[in-house]
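**Student:** Below is the file structure.csv, with CSV, C-alpha atoms.
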chain,number,residue,atom,x,y,z
Q,1,MET,CA,-46.6,-27.7,9.7
Q,2,SER,CA,-45.5,-30.2,7.1
Q,3,HIS,CA,-47.1,-33.6,6.9
Q,4,LEU,CA,-46.1,-37.0,5.4
Q,5,SER,CA,-47.6,-40.4,5.1
Q,6,LEU,CA,-46.0,-43.2,7.1
Q,7,ASN,CA,-47.4,-46.7,6.7
Q,8,GLY,CA,-50.7,-45.4,5.6
Q,9,GLU,CA,-51.2,-42.8,8.2
Q,10,ILE,CA,-50.7,-39.1,7.6
Q,11,VAL,CA,-48.8,-37.5,10.4
Q,12,ALA,CA,-46.9,-34.3,11.2
Q,13,GLU,CA,-43.3,-34.7,9.8
Q,14,GLU,CA,-41.7,-33.9,13.2
Q,15,SER,CA,-43.7,-36.7,14.9
Q,16,ALA,CA,-42.9,-39.4,12.4
Q,17,ARG,CA,-40.8,-42.3,13.8
Q,18,ILE,CA,-39.0,-45.2,12.0
Q,19,SER,CA,-37.3,-48.0,13.9
Q,20,ALA,CA,-33.6,-47.9,14.4
Q,21,ASN,CA,-33.7,-51.6,13.1
Q,22,ASP,CA,-35.2,-50.6,9.8
Q,23,ARG,CA,-33.4,-52.4,6.9
Q,24,GLY,CA,-33.5,-49.3,4.8
Q,25,LEU,CA,-31.3,-47.6,7.5
Q,26,LEU,CA,-29.1,-50.6,8.3
Q,27,LEU,CA,-28.6,-52.2,4.8
Q,28,GLY,CA,-30.0,-49.8,2.2
Q,29,ASP,CA,-32.6,-52.5,1.6
Q,30,GLY,CA,-35.3,-50.6,-0.2
Q,31,LEU,CA,-36.4,-48.5,-3.1
Q,32,PHE,CA,-37.6,-44.9,-3.8
Q,33,GLU,CA,-39.3,-42.9,-6.5
Q,34,SER,CA,-38.8,-39.2,-7.1
Q,35,MET,CA,-41.7,-37.4,-8.9
Q,36,ARG,CA,-42.8,-34.0,-9.9
Q,37,ALA,CA,-46.3,-32.6,-9.4
Q,38,TYR,CA,-47.8,-29.8,-11.5
Q,39,ARG,CA,-50.8,-28.0,-10.3
Q,40,GLY,CA,-51.3,-30.7,-7.7
Q,41,ARG,CA,-50.9,-33.8,-9.8
Q,42,VAL,CA,-47.9,-36.0,-10.5
Q,43,PHE,CA,-46.9,-36.3,-14.1
Q,44,ARG,CA,-46.8,-39.9,-15.3
Q,45,LEU,CA,-47.6,-41.2,-11.8
Q,46,ALA,CA,-48.7,-44.6,-13.4
Q,47,ALA,CA,-45.2,-45.0,-14.9
Q,48,HIS,CA,-43.5,-44.3,-11.7
Q,49,LEU,CA,-45.6,-46.7,-9.7
Q,50,ALA,CA,-45.2,-49.4,-12.4
Q,51,ARG,CA,-41.4,-49.0,-12.1
Q,52,LEU,CA,-41.7,-49.2,-8.3
Q,53,ARG,CA,-43.7,-52.4,-8.4
Q,54,ALA,CA,-41.4,-54.0,-11.0
Q,55,SER,CA,-38.4,-53.2,-8.8
Q,56,ALA,CA,-40.2,-54.4,-5.7
Q,57,GLN,CA,-40.9,-57.7,-7.4
Q,58,PHE,CA,-37.3,-58.1,-8.3
Q,59,LEU,CA,-36.1,-57.4,-4.8
Q,60,ARG,CA,-39.0,-59.3,-3.2
Q,61,LEU,CA,-40.4,-56.2,-1.5
Q,62,ARG,CA,-44.1,-55.8,-0.8
Q,63,VAL,CA,-45.8,-52.5,-1.8
Q,64,PRO,CA,-48.5,-52.3,0.9
Q,65,GLN,CA,-50.9,-49.9,-0.9
Q,66,ALA,CA,-52.8,-50.1,-4.2
Q,67,ASP,CA,-52.1,-47.4,-6.8
Q,68,GLY,CA,-55.3,-45.6,-6.2
Q,69,GLU,CA,-54.5,-45.3,-2.5
Q,70,ILE,CA,-51.1,-44.0,-3.2
Q,71,GLU,CA,-52.5,-41.4,-5.6
Q,72,LYS,CA,-55.0,-40.2,-3.1
Q,73,THR,CA,-52.4,-40.0,-0.4
Q,74,ILE,CA,-50.2,-37.9,-2.6
Q,75,SER,CA,-53.1,-35.6,-3.4
Q,76,ASP,CA,-54.0,-35.2,0.3
Q,77,LEU,CA,-50.4,-34.4,1.2
Q,78,ILE,CA,-50.1,-31.8,-1.6
Q,79,HIS,CA,-53.2,-30.2,-0.3
Q,80,LEU,CA,-52.2,-30.3,3.4
Q,81,ASN,CA,-48.7,-29.0,2.7
Q,82,SER,CA,-50.0,-26.3,0.2
Q,83,CYS,CA,-47.5,-27.3,-2.5
Q,84,PRO,CA,-49.2,-27.7,-5.9
Q,85,GLU,CA,-45.8,-27.5,-7.6
Q,86,ALA,CA,-44.3,-30.3,-5.6
Q,87,TYR,CA,-41.4,-32.7,-5.2
Q,88,VAL,CA,-43.0,-36.1,-4.3
Q,89,ARG,CA,-41.0,-39.0,-3.0
Q,90,ILE,CA,-42.0,-42.5,-2.2
Q,91,THR,CA,-39.7,-44.6,0.0
Q,92,LEU,CA,-40.2,-48.4,0.5
Q,93,THR,CA,-38.0,-50.5,2.8
Q,94,ARG,CA,-38.1,-54.0,4.1
Q,95,GLY,CA,-38.9,-52.7,7.5
Q,96,ALA,CA,-37.5,-53.7,10.9
Q,97,GLU,CA,-38.7,-57.3,11.3
Q,98,ALA,CA,-36.7,-59.1,8.6
Q,99,LYS,CA,-33.8,-61.1,10.0
Q,100,GLY,CA,-30.6,-62.2,8.4
Q,101,LEU,CA,-29.2,-61.5,5.0
Q,102,ARG,CA,-32.3,-62.7,3.2
Q,103,LEU,CA,-34.8,-60.9,0.9
Q,104,ASP,CA,-37.8,-61.7,3.1
Q,105,ARG,CA,-41.0,-60.8,1.3
Q,106,GLU,CA,-43.3,-61.4,4.2
Q,107,SER,CA,-41.8,-58.9,6.7
Q,108,PRO,CA,-44.0,-55.8,7.2
Q,109,PRO,CA,-42.4,-53.0,5.0
Q,110,THR,CA,-41.9,-49.4,5.8
Q,111,PHE,CA,-43.8,-47.1,3.4
Q,112,LEU,CA,-43.2,-43.4,3.4
Q,113,ILE,CA,-44.5,-40.7,1.1
Q,114,HIS,CA,-43.3,-37.1,1.2
Q,115,ALA,CA,-44.7,-34.1,-0.8
Q,116,ARG,CA,-42.8,-30.8,-0.5
Q,117,THR,CA,-42.6,-27.6,-2.4
Q,118,LEU,CA,-40.4,-28.1,-5.4
Q,119,ALA,CA,-36.9,-26.4,-5.3
Q,120,PRO,CA,-36.3,-26.0,-9.1
Q,121,TYR,CA,-32.9,-26.3,-10.7
Q,122,PRO,CA,-31.2,-23.0,-11.3
Q,123,ALA,CA,-32.6,-21.0,-14.3
Q,124,GLU,CA,-29.1,-20.3,-15.4
Q,125,GLN,CA,-28.5,-23.9,-16.2
Q,126,TYR,CA,-31.6,-24.0,-18.6
Q,127,ARG,CA,-30.5,-20.7,-20.2
Q,128,HIS,CA,-26.8,-21.7,-20.8
Q,129,GLY,CA,-26.5,-25.4,-20.1
Q,130,ALA,CA,-25.1,-27.5,-17.3
Q,131,LYS,CA,-21.4,-28.1,-16.8
Q,132,LEU,CA,-20.5,-31.8,-16.4
Q,133,ILE,CA,-17.4,-33.9,-15.7
Q,134,ILE,CA,-16.7,-37.6,-16.5
Q,135,SER,CA,-16.6,-39.2,-13.1
Q,136,SER,CA,-13.6,-41.4,-12.0
Q,137,VAL,CA,-16.1,-44.0,-10.5
Q,138,ARG,CA,-17.5,-46.6,-12.8
Q,139,GLN,CA,-21.0,-48.0,-13.2
Q,140,SER,CA,-21.4,-51.8,-13.6
Q,141,SER,CA,-23.2,-53.0,-16.8
Q,142,SER,CA,-23.3,-56.5,-15.4
Q,143,SER,CA,-25.1,-55.6,-12.1
Q,144,PRO,CA,-28.9,-55.6,-12.1
Q,145,LEU,CA,-29.0,-52.8,-9.5
Q,146,PRO,CA,-28.5,-49.8,-11.7
Q,147,ARG,CA,-31.8,-50.7,-13.3
Q,148,HIS,CA,-33.6,-50.1,-10.0
Q,149,LYS,CA,-33.9,-47.0,-7.9
Q,150,THR,CA,-32.5,-48.4,-4.7
Q,151,LEU,CA,-31.7,-46.7,-1.5
Q,152,SER,CA,-28.0,-47.8,-2.0
Q,153,TYR,CA,-27.0,-44.4,-3.5
Q,154,LEU,CA,-23.4,-43.9,-2.5
Q,155,LEU,CA,-22.0,-44.5,-6.0
Q,156,TYR,CA,-24.0,-41.5,-7.3
Q,157,LEU,CA,-23.2,-39.4,-4.3
Q,158,VAL,CA,-19.5,-39.9,-4.8
Q,159,ALA,CA,-19.8,-39.0,-8.5
Q,160,ARG,CA,-21.9,-35.9,-7.7
Q,161,GLN,CA,-19.3,-34.8,-5.0
Q,162,GLU,CA,-16.6,-35.1,-7.6
Q,163,ALA,CA,-18.6,-32.8,-9.8
Q,164,THR,CA,-19.1,-30.3,-7.0
Q,165,ASP,CA,-15.4,-30.3,-6.1
Q,166,ALA,CA,-14.6,-29.6,-9.8
Q,167,GLY,CA,-17.0,-26.7,-10.0
Q,168,ALA,CA,-19.4,-28.7,-12.2
Q,169,ASN,CA,-23.1,-29.4,-12.0
Q,170,GLY,CA,-23.1,-33.1,-12.6
Q,171,ALA,CA,-21.0,-36.2,-13.5
Q,172,ILE,CA,-21.3,-38.7,-16.3
Q,173,LEU,CA,-20.7,-42.3,-15.2
Q,174,LEU,CA,-19.0,-44.7,-17.6
Q,175,ASN,CA,-19.3,-48.4,-17.2
Q,176,GLU,CA,-16.4,-50.9,-17.0
Q,177,HIS,CA,-16.1,-50.9,-20.8
Q,178,GLY,CA,-15.7,-47.2,-21.0
Q,179,GLN,CA,-19.2,-46.7,-22.4
Q,180,VAL,CA,-21.6,-43.9,-21.3
Q,181,ALA,CA,-24.1,-45.2,-18.8
Q,182,GLU,CA,-25.8,-42.2,-17.2
Q,183,GLU,CA,-25.4,-39.0,-15.3
Q,184,SER,CA,-25.3,-39.2,-11.5
Q,185,VAL,CA,-29.0,-38.3,-11.2
Q,186,SER,CA,-30.3,-38.4,-14.8
Q,187,ASN,CA,-30.2,-40.0,-18.2
Q,188,VAL,CA,-28.1,-38.8,-21.1
Q,189,PHE,CA,-29.1,-37.9,-24.7
Q,190,LEU,CA,-26.8,-36.8,-27.5
Q,191,VAL,CA,-27.9,-35.2,-30.8
Q,192,ARG,CA,-25.8,-36.0,-33.8
Q,193,GLY,CA,-26.9,-35.1,-37.4
Q,194,GLY,CA,-30.5,-34.6,-36.3
Q,195,THR,CA,-30.7,-38.0,-34.6
Q,196,LEU,CA,-31.2,-38.6,-30.9
Q,197,LEU,CA,-28.8,-41.0,-29.3
Q,198,THR,CA,-29.1,-42.5,-25.8
Q,199,PRO,CA,-27.4,-45.4,-24.1
Q,200,PRO,CA,-29.3,-48.7,-23.9
Q,201,VAL,CA,-30.4,-50.0,-20.5
Q,202,HIS,CA,-27.8,-52.9,-20.7
Q,203,ALA,CA,-25.0,-50.2,-20.5
Q,204,GLY,CA,-25.9,-50.0,-16.8
Q,205,LEU,CA,-28.5,-47.3,-16.2
Q,206,LEU,CA,-31.8,-46.6,-14.7
Q,207,PRO,CA,-34.6,-46.6,-17.3
Q,208,GLY,CA,-35.9,-43.1,-16.3
Q,209,VAL,CA,-39.6,-42.2,-16.6
Q,210,THR,CA,-38.6,-38.9,-18.3
Q,211,ARG,CA,-36.3,-40.8,-20.6
Q,212,GLY,CA,-39.2,-42.9,-21.6
Q,213,VAL,CA,-41.4,-39.9,-22.3
Q,214,VAL,CA,-38.7,-38.3,-24.5
Q,215,MET,CA,-38.4,-41.5,-26.5
Q,216,GLU,CA,-42.2,-41.6,-26.9
Q,217,LEU,CA,-42.2,-38.0,-28.1
Q,218,ALA,CA,-39.4,-38.6,-30.6
Q,219,LYS,CA,-41.3,-41.5,-32.0
Q,220,SER,CA,-44.6,-39.6,-32.3
Q,221,GLU,CA,-42.8,-36.6,-33.9
Q,222,LYS,CA,-40.8,-38.9,-36.2
Q,223,ILE,CA,-37.5,-37.6,-34.8
Q,224,PRO,CA,-34.8,-40.3,-35.5
Q,225,LEU,CA,-33.8,-42.0,-32.3
Q,226,GLU,CA,-31.3,-44.8,-31.6
Q,227,GLU,CA,-30.5,-46.6,-28.4
Q,228,LYS,CA,-26.8,-47.5,-28.8
Q,229,THR,CA,-23.7,-47.9,-26.8
Q,230,LEU,CA,-21.7,-44.7,-26.7
Q,231,SER,CA,-18.0,-44.3,-26.0
Q,232,ALA,CA,-16.7,-41.4,-23.9
Q,233,GLY,CA,-15.2,-39.9,-27.1
Q,234,GLU,CA,-18.6,-39.6,-28.7
Q,235,LEU,CA,-19.6,-37.1,-26.0
Q,236,PHE,CA,-17.3,-34.6,-27.8
Q,237,GLU,CA,-18.4,-35.5,-31.3
Q,238,CYS,CA,-22.1,-34.6,-30.9
Q,239,ASP,CA,-24.0,-31.4,-31.9
Q,240,GLU,CA,-26.0,-31.2,-28.6
Q,241,MET,CA,-26.4,-33.0,-25.3
Q,242,PHE,CA,-29.1,-32.9,-22.8
Q,243,LEU,CA,-30.1,-34.7,-19.5
Q,244,THR,CA,-33.5,-35.9,-18.3
Q,245,ASN,CA,-35.1,-36.7,-15.1
Q,246,SER,CA,-38.5,-36.0,-13.6
Q,247,LEU,CA,-37.4,-33.0,-11.5
Q,248,MET,CA,-35.2,-31.3,-14.0
Q,249,GLU,CA,-37.3,-32.3,-17.1
Q,250,VAL,CA,-34.9,-31.6,-20.0
Q,251,MET,CA,-31.6,-29.9,-19.1
Q,252,PRO,CA,-29.2,-28.7,-21.8
Q,253,VAL,CA,-25.4,-29.5,-21.4
Q,254,ARG,CA,-22.8,-26.9,-22.4
Q,255,SER,CA,-19.6,-28.6,-21.5
Q,256,VAL,CA,-18.0,-31.9,-20.3
Q,257,ASP,CA,-14.6,-31.8,-18.6
Q,258,ARG,CA,-14.5,-28.1,-19.6
Q,259,ARG,CA,-14.8,-28.9,-23.3
Q,260,ALA,CA,-17.7,-27.2,-25.1
Q,261,ILE,CA,-20.5,-29.4,-26.5
Q,262,GLY,CA,-21.8,-28.1,-29.9
Q,263,ALA,CA,-21.9,-24.5,-30.9
Q,264,SER,CA,-24.1,-23.4,-28.1
Q,265,ALA,CA,-26.5,-24.6,-25.4
Q,266,PRO,CA,-29.4,-25.2,-25.6
Q,267,GLY,CA,-29.3,-26.3,-29.2
Q,268,PRO,CA,-32.3,-26.4,-31.5
Q,269,MET,CA,-33.1,-30.0,-30.9
Q,270,THR,CA,-32.9,-29.6,-27.2
Q,271,VAL,CA,-35.3,-26.7,-27.3
Q,272,ARG,CA,-37.7,-28.7,-29.4
Q,273,ILE,CA,-37.6,-31.6,-26.9
Q,274,GLN,CA,-38.1,-29.2,-24.0
Q,275,ASN,CA,-41.2,-27.7,-25.8
Q,276,LEU,CA,-42.6,-31.1,-26.6
Q,277,TYR,CA,-42.1,-32.3,-23.0
Q,278,ARG,CA,-43.9,-29.2,-21.6
Q,279,ALA,CA,-46.7,-29.7,-24.1
Q,280,ALA,CA,-47.0,-33.3,-22.9
Q,281,ILE,CA,-47.4,-32.1,-19.3
Q,282,GLN,CA,-50.1,-29.7,-20.4
Q,283,ALA,CA,-51.9,-32.3,-22.4
Q,284,GLU,CA,-51.9,-34.8,-19.5
Q,285,ALA,CA,-53.2,-32.1,-17.2
Q,286,ALA,CA,-56.0,-31.3,-19.6
Q,287,VAL,CA,-57.1,-34.9,-19.9
Q,288,VAL,CA,-57.0,-35.4,-16.1
Q,289,GLY,CA,-59.1,-32.2,-15.7
Q,290,GLN,CA,-61.8,-33.5,-18.1
Q,291,ASN,CA,-62.0,-36.7,-16.0
Q,292,VAL,CA,-62.4,-35.0,-12.6
Write out the structure in this file as structure tokens.

**Tutor:**
Amino acid sequence: MSHLSLNGEIVAEESARISANDRGLLLGDGLFESMRAYRGRVFRLAAHLARLRASAQFLRLRVPQADGEIEKTISDLIHLNSCPEAYVRITLTRGAEAKGLRLDRESPPTFLIHARTLAPYPAEQYRHGAKLIISSVRQSSSSPLPRHKTLSYLLYLVARQEATDAGANGAILLNEHGQVAEESVSNVFLVRGGTLLTPPVHAGLLPGVTRGVVMELAKSEKIPLEEKTLSAGELFECDEMFLTNSLMEVMPVRSVDRRAIGASAPGPMTVRIQNLYRAAIQAEAAVVGQNV
């Protein structure tokens, strides 16, 4: 029997009930965080919760639990559901009591936490790289919403369906200026002449937690890194490309619109970043273990 936490109470998943008037259902009025647990602990949980709280403040949503309570709930769910290698999701909505088209901070929110056994990305994609397309839908660099992980996810679903229909694994979103923003569920990095390149947040993208970790690792390892606007054409001029998110970690890219990226995937810089990222996971687990 699988369990989840709904408004602070751990219940069997099949018995959980949310109002038909919930704003998350009716208006997409809410946020979520997707995280990955290793050996029972979420990697960079503090960064995920900081992003959730920053977005909640922007959207005038109330996070009803302290970080320590959330961490304990996640730990309890991982134990109850026997899933030390877990996909963890937090969902926050404005609940069912808010009225009208207002961002009412005082209405009781709905707060949902899931922890489930991780379904990993296909090993073949890590061995040979993902196949991408450039989506026909456009991200908006002027909208504040791409910077927040909102429940309004249709833009990304449409882009991902385009990729599926084309026999690809994902879709790159350009903004209205034709600049690279993000992939449908991940951030984009290019490698050119030994330098990491990634679009800036103002291009219209979610500042991913894993993106942030990769940028930290590049700085600590003195790997040249630039946040710069990238044209679609620059995708085909790079030596390597990889994607990042918390579930996939670091994913090499082998082609975009059926055009090969670099000589092979994964390239040497991608492999280096993959190894550094896995080492960061191990290091954080070791520090946590010492503090238990």

**Student:** Which neighbours of segment 106-108 of chain Q fall inside 8 Å, counting all atoms listed in the file, when residues of the same chain fewer than 5 positions from it are skipped, and could you give them as number ranges by chain?

**Tutor:** Q: 62, 94-98

**Student:** Could you pull the residues within 6 Å of segment 187-201 of chain Q, counting all atoms listed in the file, minus those fewer than 5 positions along the same chain, as a ChimeraX atom specification?

**Tutor:** /Q:182,224-229,238-244

**Student:** With a distance cut-off of 9 Å and only C-alpha atoms, select the neighbouring residues of Ile273 of chain Q, excluding the residue or stretch itself and same-chain residues fewer than 5 positions from it, and output the selection as a PyMOL selection string.

**Tutor:** chain Q and resi 214+217-218+250+268+278

**Student:** Which is closer to Ala279 of chain Q than all the others in Q:Glu13, Q:Gly204, Q:Phe43, Q:Ile78, using all atoms listed in the file?

**Tutor:**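 Closest residue, counting all atoms listed in the file: Q:Phe43.
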
**Student:** Calculated over all atoms listed in the file, which of the candidates Q:Leu173, Q:Ala119, Q:Ala166, Q:Ile90 has the smallest distance to Arg138 of chain Q?

**Tutor:** Q:Leu173

**Student:** Report, in Å with one decimal, the straight-line distance from atom CA of Ser82 of chain Q to atom CA of Gln274 of chain Q.

**Tutor:**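 Rounded to one decimal, the two atoms are 27.1 Å apart.
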